[in-house]
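As stored in final-v8.cif (mmCIF, C-alpha atoms and all ligand atoms):
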```cif
data_structure
#
loop_
_atom_site.label_atom_id
_atom_site.label_comp_id
_atom_site.auth_asym_id
_atom_site.auth_seq_id
_atom_site.Cartn_x
_atom_site.Cartn_y
_atom_site.Cartn_z
CA MET W 1 -62.14 26.78 46.94
CA GLU W 2 -63.88 26.76 43.56
CA THR W 3 -67.30 25.22 43.75
CA ILE W 4 -67.48 21.74 42.33
CA ASN W 5 -70.79 21.00 44.15
CA LYS W 6 -71.63 17.30 44.52
CA TYR W 7 -68.06 16.38 43.67
CA GLU W 8 -66.68 18.37 46.59
CA ILE W 9 -64.97 16.90 49.63
CA THR W 10 -66.74 16.74 53.03
CA ASN W 11 -65.26 18.46 56.10
CA ASP W 12 -63.89 15.17 57.37
CA GLY W 13 -62.15 14.43 54.10
CA TYR W 14 -64.52 12.10 52.24
CA TYR W 15 -65.48 11.98 48.58
CA GLY W 16 -68.54 9.76 48.84
CA ASN W 17 -67.29 6.54 50.44
CA PHE W 18 -63.62 7.23 49.89
CA GLY W 19 -60.86 9.20 51.58
CA GLY W 20 -60.77 10.02 55.28
CA GLN W 21 -57.97 10.29 57.79
CA ILE W 22 -57.01 6.85 59.07
CA ILE W 23 -54.03 7.88 61.22
CA SER W 24 -52.96 8.26 64.87
CA GLU W 25 -54.50 10.96 67.08
CA ASP W 26 -51.12 12.69 67.35
CA LEU W 27 -50.82 13.02 63.59
CA LYS W 28 -54.48 14.01 63.31
CA ARG W 29 -53.74 17.14 65.34
CA GLU W 30 -50.91 18.06 62.96
CA TYR W 31 -53.03 17.35 59.87
CA THR W 32 -55.85 19.47 61.26
CA LYS W 33 -53.38 22.35 61.58
CA ILE W 34 -52.30 21.87 57.95
CA ALA W 35 -55.93 21.76 56.79
CA GLU W 36 -56.82 24.90 58.76
CA GLU W 37 -53.82 26.83 57.49
CA PHE W 38 -54.52 25.73 53.91
CA LEU W 39 -58.19 26.78 54.09
CA LYS W 40 -57.08 30.14 55.46
CA ILE W 41 -54.35 30.94 52.94
CA LYS W 42 -56.07 29.73 49.81
CA ASP W 43 -58.39 32.75 50.06
CA ASP W 44 -55.73 35.11 51.36
CA LEU W 45 -55.18 37.79 48.70
CA GLU W 46 -51.44 38.02 49.34
CA PHE W 47 -50.97 34.24 49.05
CA VAL W 48 -53.11 34.03 45.93
CA ALA W 49 -51.15 36.86 44.29
CA GLN W 50 -47.81 35.27 45.24
CA LEU W 51 -48.79 31.84 43.90
CA ASP W 52 -50.30 33.28 40.71
CA ASP W 53 -47.14 35.27 40.07
CA LEU W 54 -44.91 32.21 40.57
CA LEU W 55 -47.13 30.05 38.36
CA LYS W 56 -46.82 32.69 35.66
CA THR W 57 -43.27 33.98 35.88
CA PHE W 58 -41.49 30.92 37.34
CA ALA W 59 -43.44 27.89 36.11
CA GLY W 60 -44.49 29.39 32.76
CA ARG W 61 -48.28 29.15 33.09
CA PRO W 62 -50.68 29.16 31.41
CA SER W 63 -49.48 26.06 29.58
CA PRO W 64 -50.81 26.15 26.01
CA VAL W 65 -53.41 23.90 24.45
CA TYR W 66 -51.97 22.70 21.14
CA TYR W 67 -54.05 21.43 18.24
CA ALA W 68 -52.17 18.28 17.14
CA ARG W 69 -52.64 18.68 13.38
CA ASN W 70 -50.57 15.72 12.26
CA LEU W 71 -52.12 13.25 14.70
CA SER W 72 -55.59 14.58 13.89
CA LYS W 73 -55.00 14.20 10.16
CA LYS W 74 -53.66 10.68 10.63
CA TYR W 75 -56.35 9.36 12.98
CA GLY W 76 -59.45 11.35 12.09
CA ALA W 77 -60.67 13.17 15.17
CA GLU W 78 -59.63 16.64 16.38
CA ILE W 79 -56.91 15.97 18.95
CA TYR W 80 -55.79 18.69 21.36
CA LEU W 81 -52.93 18.47 23.86
CA LYS W 82 -52.80 20.38 27.14
CA ARG W 83 -49.06 21.02 27.30
CA GLU W 84 -48.13 20.47 30.96
CA ASP W 85 -44.86 19.11 29.55
CA LEU W 86 -43.85 22.72 28.85
CA ASN W 87 -43.98 23.76 32.51
CA HIS W 88 -40.70 24.52 34.28
CA THR W 89 -39.31 21.15 35.55
CA GLY W 90 -41.18 19.28 32.82
CA SER W 91 -44.53 18.23 34.25
CA HIS W 92 -47.70 19.19 36.09
CA LYS W 93 -46.02 18.40 39.44
CA ILE W 94 -44.73 21.98 39.74
CA ASN W 95 -48.35 23.21 40.14
CA HIS W 96 -48.87 21.66 43.56
CA SER W 97 -45.20 21.78 44.59
CA LEU W 98 -45.15 25.58 44.55
CA GLY W 99 -48.37 25.67 46.57
CA GLU W 100 -47.11 23.10 49.09
CA ALA W 101 -43.78 24.91 49.54
CA LEU W 102 -45.48 28.26 50.15
CA LEU W 103 -47.87 26.61 52.62
CA ALA W 104 -44.98 24.96 54.53
CA LYS W 105 -43.11 28.25 54.68
CA LYS W 106 -46.21 30.04 56.00
CA MET W 107 -46.50 27.37 58.72
CA GLY W 108 -42.91 27.98 59.82
CA LYS W 109 -41.65 24.59 58.68
CA THR W 110 -38.00 24.25 57.69
CA LYS W 111 -38.10 21.14 55.52
CA LEU W 112 -40.19 19.41 52.89
CA ILE W 113 -40.33 15.61 52.81
CA ALA W 114 -41.48 13.96 49.60
CA GLU W 115 -41.64 10.64 47.77
CA THR W 116 -41.08 10.29 44.07
CA GLY W 117 -41.55 7.60 41.44
CA ALA W 118 -40.58 8.99 38.06
CA GLY W 119 -38.62 11.74 39.76
CA GLN W 120 -40.90 14.49 38.41
CA HIS W 121 -42.51 15.25 41.76
CA GLY W 122 -39.07 15.02 43.40
CA VAL W 123 -37.59 17.52 40.94
CA ALA W 124 -40.57 19.86 41.32
CA ILE W 125 -40.38 19.73 45.13
CA ALA W 126 -36.59 20.19 45.10
CA THR W 127 -37.11 23.19 42.82
CA ALA W 128 -39.82 24.74 45.00
CA SER W 129 -37.70 24.12 48.14
CA ALA W 130 -34.70 25.86 46.56
CA LEU W 131 -36.91 28.76 45.53
CA VAL W 132 -38.52 29.45 48.90
CA GLY W 133 -35.56 28.39 51.08
CA LEU W 134 -36.52 25.02 52.60
CA ASP W 135 -34.46 21.86 53.16
CA CYS W 136 -35.71 18.95 51.12
CA ASP W 137 -35.56 15.15 51.58
CA VAL W 138 -36.82 13.04 48.68
CA TYR W 139 -37.37 9.30 49.15
CA MET W 140 -37.05 7.25 45.96
CA GLY W 141 -37.04 3.49 45.31
CA GLU W 142 -33.67 2.20 44.15
CA VAL W 143 -35.20 0.68 41.00
CA ASP W 144 -36.66 4.07 40.04
CA MET W 145 -33.37 5.82 40.83
CA ILE W 146 -31.62 3.71 38.22
CA LYS W 147 -34.41 4.06 35.64
CA GLU W 148 -34.88 7.80 36.10
CA SER W 149 -31.26 8.74 36.78
CA PRO W 150 -31.39 12.14 34.99
CA ASN W 151 -34.00 13.25 37.54
CA VAL W 152 -31.83 12.03 40.44
CA SER W 153 -29.00 14.27 39.19
CA ARG W 154 -31.40 17.20 38.84
CA MET W 155 -32.72 16.81 42.40
CA LYS W 156 -29.17 16.71 43.78
CA MET W 157 -28.18 19.75 41.71
CA LEU W 158 -31.13 21.59 43.24
CA GLY W 159 -29.83 20.85 46.75
CA ALA W 160 -32.19 18.02 47.77
CA ASN W 161 -31.12 14.90 49.68
CA VAL W 162 -32.19 11.90 47.62
CA ILE W 163 -32.64 8.95 49.97
CA PRO W 164 -32.69 5.50 48.31
CA VAL W 165 -35.45 3.14 49.45
CA LEU W 166 -34.41 -0.50 49.43
CA ASP W 167 -37.57 -2.26 50.68
CA GLY W 168 -40.00 -4.41 48.71
CA THR W 169 -40.17 -3.67 45.00
CA LYS W 170 -37.96 -0.57 45.59
CA THR W 171 -40.48 1.61 43.74
CA LEU W 172 -43.19 4.19 44.46
CA LYS W 173 -45.23 2.44 47.19
CA GLU W 174 -42.15 1.83 49.30
CA ALA W 175 -41.03 5.43 48.70
CA VAL W 176 -44.40 6.61 50.09
CA ASP W 177 -44.01 4.23 53.09
CA ALA W 178 -40.56 5.68 53.82
CA SER W 179 -41.73 9.29 53.45
CA PHE W 180 -44.66 8.74 55.82
CA ALA W 181 -42.32 7.13 58.36
CA ALA W 182 -39.90 10.06 58.12
CA TYR W 183 -42.74 12.57 58.39
CA CYS W 184 -44.13 10.86 61.51
CA LYS W 185 -40.75 11.44 63.18
CA GLU W 186 -40.21 14.99 61.89
CA HIS W 187 -43.71 16.46 61.69
CA LYS W 188 -42.99 19.26 64.16
CA THR W 189 -40.45 20.89 61.84
CA ALA W 190 -41.18 19.37 58.43
CA MET W 191 -44.18 19.09 56.12
CA TYR W 192 -44.95 16.10 53.93
CA ALA W 193 -45.34 17.44 50.41
CA ILE W 194 -47.17 14.48 48.93
CA GLY W 195 -46.91 14.05 45.16
CA SER W 196 -50.47 13.18 44.23
CA VAL W 197 -54.11 13.29 45.35
CA VAL W 198 -53.52 10.42 47.79
CA GLY W 199 -52.85 9.98 51.51
CA PRO W 200 -54.98 11.06 54.45
CA HIS W 201 -57.08 14.23 54.50
CA PRO W 202 -56.13 17.04 53.85
CA PHE W 203 -53.48 15.99 51.29
CA PRO W 204 -55.86 14.95 48.47
CA MET W 205 -57.80 18.20 48.93
CA ILE W 206 -54.65 20.36 48.87
CA VAL W 207 -53.07 18.72 45.82
CA GLU W 208 -56.40 18.74 43.96
CA TYR W 209 -56.86 22.43 44.66
CA PHE W 210 -53.43 23.37 43.29
CA GLN W 211 -53.79 21.08 40.24
CA SER W 212 -57.23 22.43 39.28
CA VAL W 213 -55.48 25.25 37.44
CA ILE W 214 -55.02 22.76 34.54
CA GLY W 215 -58.73 22.26 33.94
CA ARG W 216 -59.63 25.89 34.56
CA GLU W 217 -57.19 27.00 31.88
CA ALA W 218 -57.97 24.16 29.47
CA ARG W 219 -61.73 24.82 29.45
CA GLY W 220 -61.28 28.45 28.38
CA GLN W 221 -58.52 27.56 25.90
CA LEU W 222 -60.65 24.89 24.18
CA LEU W 223 -63.55 27.31 23.85
CA ASP W 224 -61.18 29.86 22.27
CA ILE W 225 -59.35 27.49 19.92
CA ALA W 226 -61.97 24.90 19.02
CA GLY W 227 -65.11 27.00 19.51
CA SER W 228 -66.70 24.41 21.82
CA LEU W 229 -65.94 22.08 24.69
CA PRO W 230 -64.27 18.74 23.92
CA ASP W 231 -66.31 15.53 23.71
CA TYR W 232 -63.65 13.67 25.70
CA VAL W 233 -60.98 14.60 28.20
CA VAL W 234 -58.30 11.92 28.60
CA ALA W 235 -55.58 11.75 31.25
CA CYS W 236 -53.31 9.10 32.76
CA VAL W 237 -53.92 8.02 36.36
CA GLY W 238 -51.19 7.11 38.81
CA GLY W 239 -52.30 8.56 42.14
CA GLY W 240 -54.48 10.82 40.02
CA SER W 241 -53.30 14.44 40.33
CA ASN W 242 -52.97 15.49 36.68
CA SER W 243 -56.25 13.77 35.81
CA ILE W 244 -58.20 15.36 38.69
CA GLY W 245 -56.62 18.68 37.77
CA ILE W 246 -57.96 18.57 34.23
CA PHE W 247 -61.25 16.73 35.05
CA ASN W 248 -62.25 19.46 37.54
CA GLY W 249 -62.53 21.98 34.70
CA PHE W 250 -65.22 19.87 33.02
CA LEU W 251 -67.07 18.08 35.87
CA ASN W 252 -70.24 20.06 35.41
CA ASP W 253 -70.23 19.89 31.59
CA ASN W 254 -71.51 17.30 29.18
CA VAL W 255 -67.97 16.05 28.58
CA LYS W 256 -66.81 12.44 28.96
CA LEU W 257 -63.94 12.09 31.41
CA ILE W 258 -61.58 9.17 30.88
CA GLY W 259 -58.80 8.13 33.23
CA VAL W 260 -56.18 5.81 31.78
CA GLU W 261 -54.69 3.25 34.16
CA PRO W 262 -51.50 1.29 33.42
CA LEU W 263 -52.11 -2.34 32.44
CA GLY W 264 -48.36 -2.98 32.49
CA LYS W 265 -47.66 -6.56 31.40
CA GLY W 266 -51.24 -7.79 31.83
CA GLU W 267 -54.19 -8.52 34.09
CA ASN W 268 -52.46 -10.75 36.67
CA LEU W 269 -51.92 -9.34 40.14
CA GLY W 270 -48.43 -7.85 40.27
CA ASP W 271 -48.29 -7.20 36.53
CA ASN W 272 -50.17 -3.89 36.45
CA ALA W 273 -51.09 -0.83 38.49
CA ALA W 274 -54.71 -0.46 37.41
CA SER W 275 -56.26 -0.06 40.87
CA ILE W 276 -59.77 0.87 39.76
CA ASN W 277 -59.98 -1.81 37.07
CA PHE W 278 -58.45 -4.64 39.11
CA GLY W 279 -58.51 -3.44 42.72
CA ARG W 280 -60.95 -3.60 45.61
CA VAL W 281 -61.92 -1.21 48.38
CA GLY W 282 -59.23 -1.09 51.04
CA GLU W 283 -56.99 1.12 53.15
CA LEU W 284 -53.37 2.20 52.78
CA HIS W 285 -51.28 5.25 53.66
CA GLY W 286 -54.06 6.65 55.84
CA PHE W 287 -56.99 6.68 53.40
CA ARG W 288 -59.76 4.48 51.99
CA SER W 289 -59.89 3.88 48.27
CA MET W 290 -59.47 1.24 45.57
CA PHE W 291 -56.27 -0.77 46.01
CA LEU W 292 -54.67 -3.79 44.34
CA GLN W 293 -54.90 -6.61 46.88
CA ASP W 294 -54.47 -10.35 47.11
CA GLU W 295 -57.29 -12.61 48.34
CA GLU W 296 -56.36 -12.02 51.99
CA GLY W 297 -56.49 -8.26 51.54
CA ASN W 298 -52.72 -7.67 51.53
CA ILE W 299 -51.70 -4.79 49.29
CA ALA W 300 -50.17 -6.23 46.13
CA ASP W 301 -47.08 -5.09 44.27
CA ALA W 302 -47.81 -2.66 41.48
CA TYR W 303 -46.03 -2.54 38.16
CA SER W 304 -45.91 -0.24 35.12
CA VAL W 305 -43.21 0.67 32.62
CA ALA W 306 -43.95 4.24 33.76
CA SER W 307 -42.45 4.70 37.23
CA GLY W 308 -44.88 7.51 38.06
CA LEU W 309 -47.87 5.21 37.59
CA ASP W 310 -46.84 2.17 39.60
CA TYR W 311 -48.75 2.93 42.80
CA PRO W 312 -51.12 0.15 44.03
CA GLY W 313 -53.96 2.59 44.77
CA VAL W 314 -55.72 5.65 43.46
CA GLY W 315 -56.84 8.99 44.90
CA PRO W 316 -60.21 8.86 46.69
CA LYS W 317 -61.93 11.28 44.34
CA HIS W 318 -61.25 8.98 41.39
CA ALA W 319 -62.72 6.03 43.30
CA HIS W 320 -65.79 8.23 43.92
CA LEU W 321 -66.11 9.48 40.33
CA ASN W 322 -65.88 5.86 39.19
CA GLU W 323 -68.50 4.70 41.68
CA ILE W 324 -71.02 7.37 40.69
CA GLY W 325 -70.26 6.90 36.99
CA ARG W 326 -69.07 10.46 36.32
CA ALA W 327 -65.69 9.31 34.96
CA SER W 328 -64.66 6.04 33.34
CA TYR W 329 -61.37 4.28 33.77
CA VAL W 330 -59.74 2.29 31.00
CA THR W 331 -56.37 0.59 30.62
CA ILE W 332 -53.36 0.82 28.31
CA ASP W 333 -50.52 -1.69 28.53
CA ASP W 334 -46.75 -1.10 28.43
CA LYS W 335 -46.42 -1.86 24.74
CA GLU W 336 -49.25 0.46 23.72
CA ALA W 337 -47.76 3.23 25.88
CA VAL W 338 -44.28 2.80 24.42
CA ASP W 339 -45.74 2.78 20.88
CA ALA W 340 -47.52 6.07 21.68
CA PHE W 341 -44.23 7.47 23.05
CA PHE W 342 -42.66 6.94 19.61
CA GLU W 343 -45.79 7.97 17.72
CA LEU W 344 -46.11 11.40 19.35
CA SER W 345 -42.36 11.98 19.05
CA LYS W 346 -42.22 11.17 15.36
CA THR W 347 -45.63 12.56 14.31
CA GLU W 348 -45.78 15.81 16.27
CA GLY W 349 -42.21 16.45 17.38
CA ILE W 350 -43.16 16.13 21.06
CA ILE W 351 -41.47 13.51 23.27
CA PRO W 352 -44.02 12.63 25.99
CA ALA W 353 -43.32 11.18 29.43
CA LEU W 354 -44.03 7.45 29.59
CA GLU W 355 -46.83 8.25 32.05
CA SER W 356 -48.47 10.70 29.64
CA SER W 357 -47.93 8.23 26.76
CA HIS W 358 -50.71 6.12 28.32
CA ALA W 359 -53.15 9.00 27.77
CA VAL W 360 -51.84 9.58 24.25
CA ALA W 361 -52.29 5.88 23.41
CA TYR W 362 -55.91 5.92 24.56
CA GLY W 363 -56.56 9.25 22.83
CA ILE W 364 -55.41 7.71 19.54
CA LYS W 365 -57.67 4.67 20.09
CA LEU W 366 -60.63 6.99 20.72
CA ALA W 367 -59.82 9.05 17.63
CA LYS W 368 -59.88 5.94 15.43
CA GLN W 369 -63.30 4.96 16.82
CA ASN W 370 -64.78 8.49 16.83
CA PRO W 371 -63.51 10.43 13.82
CA GLN W 372 -65.98 13.31 14.47
CA ALA W 373 -64.95 13.82 18.10
CA LYS W 374 -62.94 16.54 19.80
CA ILE W 375 -60.48 14.90 22.15
CA LEU W 376 -58.44 16.77 24.75
CA ILE W 377 -55.45 14.84 26.11
CA ASN W 378 -53.57 16.00 29.16
CA LEU W 379 -49.90 15.76 28.26
CA SER W 380 -48.80 15.65 31.88
CA GLY W 381 -45.05 15.69 31.28
CA ARG W 382 -42.14 15.45 28.89
CA GLY W 383 -40.12 12.37 28.13
CA ASP W 384 -36.51 13.52 28.45
CA LYS W 385 -36.25 11.59 31.72
CA ASP W 386 -37.31 8.37 29.93
CA LEU W 387 -34.97 8.59 26.94
CA ASP W 388 -32.03 6.63 28.41
CA PHE W 389 -34.38 3.85 29.52
CA ILE W 390 -36.20 3.68 26.18
CA LEU W 391 -32.98 3.74 24.15
CA LYS W 392 -31.46 0.99 26.27
CA LYS W 393 -34.57 -1.21 26.18
CA ILE W 394 -35.85 -0.56 22.68
CA GLY W 395 -33.54 1.70 20.67
CA HIS W 396 -34.66 4.32 18.17
CA LYS W 397 -37.26 2.08 16.45
C1 LIG Z 1 -45.36 13.15 33.89
C2 LIG Z 1 -46.19 12.43 34.90
N1 LIG Z 1 -47.49 12.21 34.62
C3 LIG Z 1 -48.29 11.55 35.49
C4 LIG Z 1 -47.79 11.07 36.68
C5 LIG Z 1 -48.72 10.32 37.60
O1 LIG Z 1 -49.10 11.04 38.71
P1 LIG Z 1 -50.58 11.58 38.88
O2 LIG Z 1 -51.51 10.45 38.59
O3 LIG Z 1 -50.62 12.03 40.29
O4 LIG Z 1 -50.77 12.71 37.91
C6 LIG Z 1 -46.44 11.28 37.02
C7 LIG Z 1 -45.90 10.81 38.29
O5 LIG Z 1 -44.73 10.87 38.56
C8 LIG Z 1 -45.63 11.98 36.10
O6 LIG Z 1 -44.33 12.20 36.35
#
```
Would you write the structure of this file as structure tokens?
Amino acid sequence: METINKYEITNDGYYGNFGGQIISEDLKREYTKIAEEFLKIKDDLEFVAQLDDLLKTFAGRPSPVYYARNLSKKYGAEIYLKREDLNHTGSHKINHSLGEALLAKKMGKTKLIAETGAGQHGVAIATASALVGLDCDVYMGEVDMIKESPNVSRMKMLGANVIPVLDGTKTLKEAVDASFAAYCKEHKTAMYAIGSVVGPHPFPMIVEYFQSVIGREARGQLLDIAGSLPDYVVACVGGGSNSIGIFNGFLNDNVKLIGVEPLGKGENLGDNAASINFGRVGELHGFRSMFLQDEEGNIADAYSVASGLDYPGVGPKHAHLNEIGRASYVTIDDKEAVDAFFELSKTEGIIPALESSHAVAYGIKLAKQNPQAKILINLSGRGDKDLDFILKKIGHK
């Protein structure tokens, strides 16, 4: 693994006070096997060559960094976009999905189990499963299935079983609950291909490793295009995979790292999914981190207009980076995100995912306040999946 020194995970899966493996002994044995196999193959020359080739020839990496001239002219600062939206399947999720599928295949598994919110991870996992020859079950909340219906059709076209989840708010948290339950039953033959840097060790470590390609590329690209490192790197935070991926490229530099959490409809519990800003330390899905909770410590419902952001917790490394002050976490509400969705579409000719629109909105705010700054925004995905929803709710503006 690349060396990220004091930011690196411990052998038992902790980033500072956060992370761990809070699961049954039976599952621990299985997770240890996954961790051991991962640590072996990530340095295996054949595996590295196979993954690099797929990232290049199948996913379309490296994704470009684009200097957003029109936005920069309008708002003052130099604004750069890391174009993860241009990857095959439309987001950064393909980066870890290819790695997870190859790992599962190496371990002799026959199926991938995954959850999805916006459908981007589901599509990426269905794609990777089709490519390497694995069955694929994707659990998705019914509310998200309706909102992100183009992605449901794509997953089915790719041969995945899309299993509706009808519990609770019928969104991402319940989809994760259902996937974990399915994995507990099927762990001998299936692997859980989790969609973010969350869950028990070793999942955050594995997803982080595969997503770090974003930051590695972006650092070199910025130096080439802009002649120096950015002052700010901005990325949206759901579970936290695209943001950790880009942050890792700049952890040891004098660069401000800003994670953007969804404020949804406001600060009240149940109206947002800003787990660092409004959450407390707790445990869910087998790990310790910051979670939205009521006064008795029950995990609260999460909400965001962006289905991929409405998880009530955050990856353990983000909780750690926040605690030690290496990254800061701000919020953007639904309206600001939707405004940024239109703004990037009409100003630059790029339709961003609603998730990524949170980062764009904060990037624009920063540009207005810091006209001399260089700002790198991670454009984690494209907005085709959100068009039906936006047109129905808001129209063309
Ligand atoms: C385009 C896009 N960006 C961001 C996210 C949030 O996930 P993460 O915080 O793991 O990057 C999602 C989740 O579905 C997504 O589809």
Please define a box with edges along x, y and z of the file around all atoms of ligand LIG 1 (chain Z) given in the file, extend it by 4 Å on each side, and return its centre and edge lengths in Å to one decimal, as JSON.
```
{"center_x": -47.9, "center_y": 11.7, "center_z": 37.1, "size_x": 15.2, "size_y": 10.8, "size_z": 14.4}
```
Within 9 Å of (-35.3, 10.9, 51.2), all atoms listed in the file: residues as a ChimeraX atom specification? /W:113-115,136-140,160-165,175,178-179,182
Who sits within 12 Å of Asp224 in chain W, all atoms listed in the file, same chain under 6 positions skipped, as a list in words: Pro64, Val65, Tyr66, Tyr67, Glu217, Ala218 and Pro230 of chain W
Output as JSON lines one row per residue of range 3-94 of chain W within 12 Å of range 364-374 of chain W: the closest atom pair and its distance in Å to one decimal place, counting only C-alpha atoms, sorted by chain and residue number ascending.
```
{"residue": "W:Tyr67", "atom": "CA", "partner": "W:Lys374", "partner_atom": "CA", "distance": 10.3}
{"residue": "W:Ala68", "atom": "CA", "partner": "W:Lys374", "partner_atom": "CA", "distance": 11.2}
{"residue": "W:Asn70", "atom": "CA", "partner": "W:Ile364", "partner_atom": "CA", "distance": 11.9}
{"residue": "W:Leu71", "atom": "CA", "partner": "W:Ile364", "partner_atom": "CA", "distance": 8.1}
{"residue": "W:Ser72", "atom": "CA", "partner": "W:Ala367", "partner_atom": "CA", "distance": 7.9}
{"residue": "W:Lys73", "atom": "CA", "partner": "W:Pro371", "partner_atom": "CA", "distance": 10.0}
{"residue": "W:Lys74", "atom": "CA", "partner": "W:Lys368", "partner_atom": "CA", "distance": 9.2}
{"residue": "W:Tyr75", "atom": "CA", "partner": "W:Lys368", "partner_atom": "CA", "distance": 5.5}
{"residue": "W:Gly76", "atom": "CA", "partner": "W:Pro371", "partner_atom": "CA", "distance": 4.5}
{"residue": "W:Ala77", "atom": "CA", "partner": "W:Pro371", "partner_atom": "CA", "distance": 4.2}
{"residue": "W:Glu78", "atom": "CA", "partner": "W:Lys374", "partner_atom": "CA", "distance": 4.8}
{"residue": "W:Ile79", "atom": "CA", "partner": "W:Lys374", "partner_atom": "CA", "distance": 6.1}
{"residue": "W:Tyr80", "atom": "CA", "partner": "W:Lys374", "partner_atom": "CA", "distance": 7.6}
{"residue": "W:Leu81", "atom": "CA", "partner": "W:Lys374", "partner_atom": "CA", "distance": 11.0}
```
Would you write out, as a tab-separated table, a table of all residues in chain W that have an atom no more than 6 Å from an atom of ligand LIG 1 (chain Z), listing for each the closest atom pair and the distance in Å to one decimal, considering only C-alpha atoms and all ligand atoms and ordering rows by chain and rising residue number?
```
residue	atom	partner	partner_atom	distance
W:Ser91	CA	Z:LIG1	C1	5.2
W:Gly117	CA	Z:LIG1	O5	5.4
W:Ala118	CA	Z:LIG1	O5	4.6
W:Gln120	CA	Z:LIG1	O6	4.6
W:His121	CA	Z:LIG1	O5	5.9
W:Ser196	CA	Z:LIG1	O3	4.1
W:Val237	CA	Z:LIG1	O2	4.1
W:Gly238	CA	Z:LIG1	O2	3.4
W:Gly239	CA	Z:LIG1	O2	4.1
W:Gly240	CA	Z:LIG1	O2	3.3
W:Ser241	CA	Z:LIG1	O3	3.6
W:Asn242	CA	Z:LIG1	O4	3.8
W:Ser243	CA	Z:LIG1	O4	6.0
W:Gly308	CA	Z:LIG1	O5	3.4
W:Leu309	CA	Z:LIG1	C5	5.2
W:Ala353	CA	Z:LIG1	C1	5.3
W:Glu355	CA	Z:LIG1	N1	4.8
W:Ser356	CA	Z:LIG1	N1	5.3
W:Ser380	CA	Z:LIG1	N1	4.6
W:Gly381	CA	Z:LIG1	C1	3.7
```
Incomplete range 228-240 of chain W filled out to N, CA and C atoms as a CSV table (one decimal), in the frame of the given file:
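Output saved as part10.csv:
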```csv
chain,number,residue,atom,x,y,z
W,228,SER,N,-65.8,25.2,21.0
W,228,SER,CA,-66.7,24.4,21.8
W,228,SER,C,-65.9,23.6,22.8
W,229,LEU,N,-66.6,23.0,23.7
W,229,LEU,CA,-65.9,22.1,24.7
W,229,LEU,C,-65.6,20.8,24.0
W,230,PRO,N,-64.6,20.0,24.5
W,230,PRO,CA,-64.3,18.7,23.9
W,230,PRO,C,-65.4,17.7,24.2
W,231,ASP,N,-65.4,16.6,23.4
W,231,ASP,CA,-66.3,15.5,23.7
W,231,ASP,C,-65.7,14.7,24.8
W,232,TYR,N,-64.4,14.5,24.7
W,232,TYR,CA,-63.6,13.7,25.7
W,232,TYR,C,-62.5,14.4,26.3
W,233,VAL,N,-62.2,14.2,27.6
W,233,VAL,CA,-61.0,14.6,28.2
W,233,VAL,C,-60.3,13.3,28.7
W,234,VAL,N,-59.0,13.2,28.3
W,234,VAL,CA,-58.3,11.9,28.6
W,234,VAL,C,-57.0,12.2,29.4
W,235,ALA,N,-56.8,11.5,30.5
W,235,ALA,CA,-55.6,11.8,31.2
W,235,ALA,C,-55.1,10.4,31.9
W,236,CYS,N,-53.8,10.3,32.1
W,236,CYS,CA,-53.3,9.1,32.8
W,236,CYS,C,-53.5,9.2,34.3
W,237,VAL,N,-53.7,8.0,34.9
W,237,VAL,CA,-53.9,8.0,36.4
W,237,VAL,C,-52.9,7.2,37.1
W,238,GLY,N,-52.1,7.8,37.9
W,238,GLY,CA,-51.2,7.1,38.8
W,238,GLY,C,-51.9,7.2,40.1
W,239,GLY,N,-51.5,8.2,41.0
W,239,GLY,CA,-52.3,8.6,42.1
W,239,GLY,C,-53.5,9.4,41.7
W,240,GLY,N,-53.3,10.1,40.6
W,240,GLY,CA,-54.5,10.8,40.0
W,240,GLY,C,-54.5,12.3,40.0
```
